[in-house]
Number of protein chains: 2
Amino acid sequence: MRQIAADVGVQAGALYNYTPDKQSLLFDLMKAHMDELLIAYDDAMQSGAPLDQLEQFVSFHIRYHAARPEAVFIAYMELRNLTDENFAEIEALRRSYEARLEDILKAGVADGAFDVSDTRVAAMALIAMLTGVNTWFREGGRLSMDDVEALYWDMVRKSVLC
Amino acid sequence: MRQIAADVGVQAGALYNYTPDKQSLLFDLMKAHMDELLIAYDDAMQSGAPLDQLEQFVSFHIRYHAARPEAVFIAYMELRNLTDENFAEIEALRRSYEARLEDILKAGVADGAFDVSDTRVAAMALIAMLTGVNTWFREGGRLSMDDVEALYWDMVRKSVLC
DNA sequence: GTCTATACTCTGATAGAC
DNA sequence: GTCTATCAGAGTATAGAC
């Protein structure tokens, strides 16, 4: 709390005019992150065949998360510091996001475009793979964001096709 | 330190007969984890074509990590609490492990079995995907470890083939 | 709304008796 | 090798002045 206060230019005590306690502050941060993710996703997606939608998902996920490394880091690392009740609420939002990818996969399986035997596992696997970009990607490195997106899309596409 | 002491049945002060400080204890834990991972891997791998080796890697990685969820969790979450020097040493071991997968991918590209345009990125992507199993897999759930291994191997295999 | 001051708790680590 | 006692610092949170 002292560190946060210093970063925003007040003393620690003054923070309690804005949050009842530290747990609420963490929860509000994480909830805002998840809400904004879902809104941005629903806003970005356009209709199309499952393969097109999957490509949009890959592009959106990589770019959205790469642009917010600190928020993504906190959203993952601080999960264990939420109360049971707060954790359940954040977890529900995460599942809602995962379900959006799973729905794309289900649609692809239904129309015969995808060969995926367990859409839930595939969704979890793909999200883990895509989020992993944040652990190594650095702006100005060997690869551009476009390069990264193309490389991951190539792997994702092949992994769900017949 | 008090919590660790309680778990092993001594008072906090007694721990300092075994470690000079908390940083050393964390580093030793993480170093042991990485050393054992590399030894277990080199011990488990058998020669074969790149595709066979890749299948062995997938099987080994999923099972080894799923069997040690707490060690894997610490090895990732506590990275930021290592001193720069200690971090560099752990990071080198991680890279060594990643290089083993990348070598398999390179061999597959060299003999024409794999279609992977960036073996470094592919190695990072696959490891992130496989380690992600730990975030959701629970013994006694809907799927057995064999099921999980088969599902992930199917996705990995397809993602690197032409 | 912010400050200073402070209460209270927890933390890593050390000293010295046994 | 373990204990008790303790230190110094940091943590969250509150009280009351301005």
# chains A, B, ... in the order shown; residues from 1 in each chain; ligands from 1
>>> residues_around(residues="Ala32 of chain B", least_positions_apart="5", cutoff="12 Å", atoms="only C-alpha atoms (C1' of nucleotides)", output="list of chain:residue names")
B:Ser24, B:Leu25, B:Leu26, B:Phe27, B:Leu37, B:Leu38, B:Ile39, B:Ala40, B:Ala71, B:Val72, B:Ala75, B:Glu89, B:Ile90, B:Leu93
>>> closest_atom_pairs(of="chain B", to="chain C", cutoff="9 Å", atoms="only C-alpha atoms (C1' of nucleotides)", output="Markdown table")
| residue | atom | partner | partner_atom | distance |
| --- | --- | --- | --- | --- |
| B:Met1 | CA | C:DG12 | C1' | 7.6 |
| B:Arg2 | CA | C:DT11 | C1' | 8.9 |
| B:Gly13 | CA | C:DA13 | C1' | 8.0 |
| B:Tyr16 | CA | C:DA13 | C1' | 8.6 |
| B:Asp21 | CA | C:DA13 | C1' | 7.9 |
| B:Lys22 | CA | C:DG12 | C1' | 7.7 |
>>> write_last_selection(atoms="all heavy atoms", output="tab-separated table (two decimals), in the first residue's frame")
chain	number	residue	atom	x	y	z
B	1	MET	N	9.12	-18.32	6.98
B	1	MET	CA	10.08	-19.18	7.67
B	1	MET	C	9.41	-19.86	8.87
B	1	MET	O	9.62	-21.04	9.11
B	1	MET	CB	11.29	-18.35	8.12
B	1	MET	CG	12.08	-17.75	6.97
B	1	MET	SD	12.77	-18.93	5.80
B	1	MET	CE	14.30	-19.41	6.60
B	2	ARG	N	8.58	-19.12	9.59
B	2	ARG	CA	7.88	-19.72	10.73
B	2	ARG	C	6.95	-20.85	10.26
B	2	ARG	O	6.81	-21.87	10.92
B	2	ARG	CB	7.08	-18.65	11.48
B	2	ARG	CG	7.92	-17.74	12.38
B	2	ARG	CD	7.10	-16.54	12.86
B	2	ARG	NE	7.71	-15.82	13.97
B	2	ARG	CZ	8.69	-14.94	13.85
B	2	ARG	NH1	9.19	-14.68	12.66
B	2	ARG	NH2	9.19	-14.33	14.91
B	13	GLY	N	13.92	-20.32	14.47
B	13	GLY	CA	15.36	-20.13	14.58
B	13	GLY	C	16.17	-21.34	14.16
B	13	GLY	O	17.27	-21.20	13.61
B	16	TYR	N	17.86	-21.93	10.63
B	16	TYR	CA	19.11	-21.30	10.22
B	16	TYR	C	20.32	-22.17	10.48
B	16	TYR	O	21.45	-21.77	10.20
B	16	TYR	CB	19.22	-19.91	10.86
B	16	TYR	CG	18.20	-18.95	10.28
B	16	TYR	CD1	16.90	-18.90	10.80
B	16	TYR	CD2	18.50	-18.16	9.19
B	16	TYR	CE1	15.94	-18.05	10.25
B	16	TYR	CE2	17.56	-17.31	8.63
B	16	TYR	CZ	16.28	-17.26	9.16
B	16	TYR	OH	15.33	-16.44	8.61
B	21	ASP	N	20.01	-18.06	4.85
B	21	ASP	CA	18.90	-17.10	4.79
B	21	ASP	C	17.81	-17.62	3.85
B	21	ASP	O	17.95	-18.66	3.23
B	21	ASP	CB	19.38	-15.72	4.35
B	21	ASP	CG	20.18	-15.79	3.07
B	21	ASP	OD1	19.82	-16.61	2.20
B	21	ASP	OD2	21.17	-15.06	2.94
B	22	LYS	N	16.73	-16.88	3.79
B	22	LYS	CA	15.55	-17.32	3.03
B	22	LYS	C	15.83	-17.38	1.53
B	22	LYS	O	15.37	-18.29	0.83
B	22	LYS	CB	14.38	-16.36	3.32
B	22	LYS	CG	13.05	-16.93	2.89
B	22	LYS	CD	11.90	-16.06	3.37
B	22	LYS	CE	11.23	-15.37	2.22
B	22	LYS	NZ	9.91	-14.79	2.60
>>> residues_around(residues="segment 99-104 of chain A", least_positions_apart="6", cutoff="8 Å", atoms="only C-alpha atoms (C1' of nucleotides)", output="list in words")
Pro50, Gln53, Leu54, Phe57, Thr119, Arg120, Ala122 and Ala123 of chain A
>>> select_by_dssp(residues="segment 66-118 of chain A", states="helix (DSSP H, G or I)", output="PyMOL selection string")
chain A and resi 66+69-77+79-81+84-110
>>> interface_residues(of="chain B", to="chain A", cutoff="8 Å", atoms="only C-alpha atoms", output="PyMOL selection string")
chain B and resi 77+117-118+121-122+124-130+132-133+151-152+154-161
>>> interface_residues(of="chain B", to="chain D", cutoff="12 Å", atoms="only C-alpha atoms (C1' of nucleotides)", output="PDB file with all heavy atoms, in the first residue's frame")
ATOM      1  N   ALA B   5       9.018 -23.839   9.353  1.00  0.00           N
ATOM      2  CA  ALA B   5       9.483 -24.438  10.608  1.00  0.00           C
ATOM      3  C   ALA B   5       8.382 -25.274  11.252  1.00  0.00           C
ATOM      4  O   ALA B   5       8.615 -26.414  11.679  1.00  0.00           O
ATOM      5  CB  ALA B   5       9.955 -23.348  11.566  1.00  0.00           C
ATOM      6  N   GLY B   9       8.289 -29.182  12.021  1.00  0.00           N
ATOM      7  CA  GLY B   9       8.278 -29.505  13.444  1.00  0.00           C
ATOM      8  C   GLY B   9       9.402 -28.918  14.285  1.00  0.00           C
ATOM      9  O   GLY B   9       9.832 -29.523  15.260  1.00  0.00           O
ATOM     10  N   VAL B  10       9.891 -27.736  13.909  1.00  0.00           N
ATOM     11  CA  VAL B  10      10.890 -27.052  14.734  1.00  0.00           C
ATOM     12  C   VAL B  10      10.490 -25.586  14.890  1.00  0.00           C
ATOM     13  O   VAL B  10       9.514 -25.133  14.291  1.00  0.00           O
ATOM     14  CB  VAL B  10      12.308 -27.118  14.113  1.00  0.00           C
ATOM     15  CG1 VAL B  10      12.796 -28.545  14.031  1.00  0.00           C
ATOM     16  CG2 VAL B  10      12.321 -26.447  12.746  1.00  0.00           C
ATOM     17  N   GLN B  11      11.236 -24.841  15.689  1.00  0.00           N
ATOM     18  CA  GLN B  11      11.008 -23.409  15.809  1.00  0.00           C
ATOM     19  C   GLN B  11      11.757 -22.688  14.689  1.00  0.00           C
ATOM     20  O   GLN B  11      12.697 -23.223  14.108  1.00  0.00           O
ATOM     21  CB  GLN B  11      11.492 -22.914  17.172  1.00  0.00           C
ATOM     22  CG  GLN B  11      10.622 -23.403  18.334  1.00  0.00           C
ATOM     23  CD  GLN B  11       9.195 -22.896  18.244  1.00  0.00           C
ATOM     24  OE1 GLN B  11       8.973 -21.722  17.980  1.00  0.00           O
ATOM     25  NE2 GLN B  11       8.226 -23.794  18.434  1.00  0.00           N
ATOM     26  N   ALA B  12      11.332 -21.480  14.399  1.00  0.00           N
ATOM     27  CA  ALA B  12      11.871 -20.740  13.254  1.00  0.00           C
ATOM     28  C   ALA B  12      13.398 -20.620  13.302  1.00  0.00           C
ATOM     29  O   ALA B  12      14.077 -20.790  12.295  1.00  0.00           O
ATOM     30  CB  ALA B  12      11.224 -19.370  13.165  1.00  0.00           C
ATOM     31  N   GLY B  13      13.925 -20.319  14.470  1.00  0.00           N
ATOM     32  CA  GLY B  13      15.364 -20.126  14.583  1.00  0.00           C
ATOM     33  C   GLY B  13      16.169 -21.339  14.158  1.00  0.00           C
ATOM     34  O   GLY B  13      17.270 -21.203  13.612  1.00  0.00           O
ATOM     35  N   ALA B  14      15.626 -22.509  14.391  1.00  0.00           N
ATOM     36  CA  ALA B  14      16.352 -23.756  14.086  1.00  0.00           C
ATOM     37  C   ALA B  14      16.608 -23.933  12.603  1.00  0.00           C
ATOM     38  O   ALA B  14      17.546 -24.632  12.201  1.00  0.00           O
ATOM     39  CB  ALA B  14      15.581 -24.950  14.642  1.00  0.00           C
ATOM     40  N   LEU B  15      15.800 -23.294  11.749  1.00  0.00           N
ATOM     41  CA  LEU B  15      15.978 -23.434  10.298  1.00  0.00           C
ATOM     42  C   LEU B  15      17.340 -22.912   9.855  1.00  0.00           C
ATOM     43  O   LEU B  15      17.901 -23.376   8.865  1.00  0.00           O
ATOM     44  CB  LEU B  15      14.884 -22.680   9.545  1.00  0.00           C
ATOM     45  CG  LEU B  15      13.472 -23.266   9.596  1.00  0.00           C
ATOM     46  CD1 LEU B  15      12.530 -22.401   8.780  1.00  0.00           C
ATOM     47  CD2 LEU B  15      13.465 -24.698   9.089  1.00  0.00           C
ATOM     48  N   TYR B  16      17.856 -21.933  10.633  1.00  0.00           N
ATOM     49  CA  TYR B  16      19.106 -21.299  10.224  1.00  0.00           C
ATOM     50  C   TYR B  16      20.319 -22.168  10.479  1.00  0.00           C
ATOM     51  O   TYR B  16      21.447 -21.766  10.200  1.00  0.00           O
ATOM     52  CB  TYR B  16      19.219 -19.907  10.857  1.00  0.00           C
ATOM     53  CG  TYR B  16      18.198 -18.950  10.284  1.00  0.00           C
ATOM     54  CD1 TYR B  16      16.903 -18.901  10.801  1.00  0.00           C
ATOM     55  CD2 TYR B  16      18.505 -18.164   9.185  1.00  0.00           C
ATOM     56  CE1 TYR B  16      15.944 -18.053  10.247  1.00  0.00           C
ATOM     57  CE2 TYR B  16      17.556 -17.313   8.634  1.00  0.00           C
ATOM     58  CZ  TYR B  16      16.276 -17.264   9.165  1.00  0.00           C
ATOM     59  OH  TYR B  16      15.330 -16.437   8.610  1.00  0.00           O
ATOM     60  N   ASN B  17      20.085 -23.375  10.987  1.00  0.00           N
ATOM     61  CA  ASN B  17      21.158 -24.377  11.010  1.00  0.00           C
ATOM     62  C   ASN B  17      21.291 -25.047   9.648  1.00  0.00           C
ATOM     63  O   ASN B  17      22.267 -25.751   9.387  1.00  0.00           O
ATOM     64  CB  ASN B  17      20.867 -25.442  12.063  1.00  0.00           C
ATOM     65  CG  ASN B  17      21.042 -24.903  13.465  1.00  0.00           C
ATOM     66  OD1 ASN B  17      22.023 -24.233  13.763  1.00  0.00           O
ATOM     67  ND2 ASN B  17      20.070 -25.188  14.325  1.00  0.00           N
ATOM     68  N   TYR B  18      20.289 -24.841   8.780  1.00  0.00           N
ATOM     69  CA  TYR B  18      20.262 -25.531   7.487  1.00  0.00           C
ATOM     70  C   TYR B  18      20.398 -24.596   6.303  1.00  0.00           C
ATOM     71  O   TYR B  18      20.718 -25.024   5.191  1.00  0.00           O
ATOM     72  CB  TYR B  18      18.972 -26.338   7.358  1.00  0.00           C
ATOM     73  CG  TYR B  18      18.793 -27.350   8.464  1.00  0.00           C
ATOM     74  CD1 TYR B  18      18.109 -27.044   9.636  1.00  0.00           C
ATOM     75  CD2 TYR B  18      19.361 -28.614   8.350  1.00  0.00           C
ATOM     76  CE1 TYR B  18      17.968 -27.969  10.657  1.00  0.00           C
ATOM     77  CE2 TYR B  18      19.224 -29.555   9.357  1.00  0.00           C
ATOM     78  CZ  TYR B  18      18.530 -29.220  10.517  1.00  0.00           C
ATOM     79  OH  TYR B  18      18.399 -30.134  11.525  1.00  0.00           O
TER      80      TYR B  18
END
>>> atom_distance(atom1="atom CA of Gly140 of chain B", atom2="atom CA of Glu36 of chain B")
26.8 Å
>>> residues_around(residues="Glu149 of chain B", least_positions_apart="3", cutoff="8 Å", atoms="only C-alpha atoms (C1' of nucleotides)", output="list in words")
Val58, Ser59, Ile62, Met145, Asp146, Tyr152 and Trp153 of chain B
>>> write_last_selection(atoms="C-alpha atoms", output="PDB file, in the first residue's frame")
ATOM      1  CA  VAL B  58       5.167 -34.481 -24.681  1.00  0.00           C
ATOM      2  CA  SER B  59       4.588 -37.536 -22.529  1.00  0.00           C
ATOM      3  CA  ILE B  62       3.038 -33.563 -19.021  1.00  0.00           C
ATOM      4  CA  MET B 145      -3.756 -38.771 -17.485  1.00  0.00           C
ATOM      5  CA  ASP B 146      -3.679 -41.098 -20.514  1.00  0.00           C
ATOM      6  CA  TYR B 152      -2.196 -32.955 -26.230  1.00  0.00           C
ATOM      7  CA  TRP B 153      -0.064 -35.231 -28.367  1.00  0.00           C
TER       8      TRP B 153
END
>>> atom_distance(atom1="atom CA of Met34 of chain A", atom2="atom CA of Arg63 of chain A")
15.4 Å
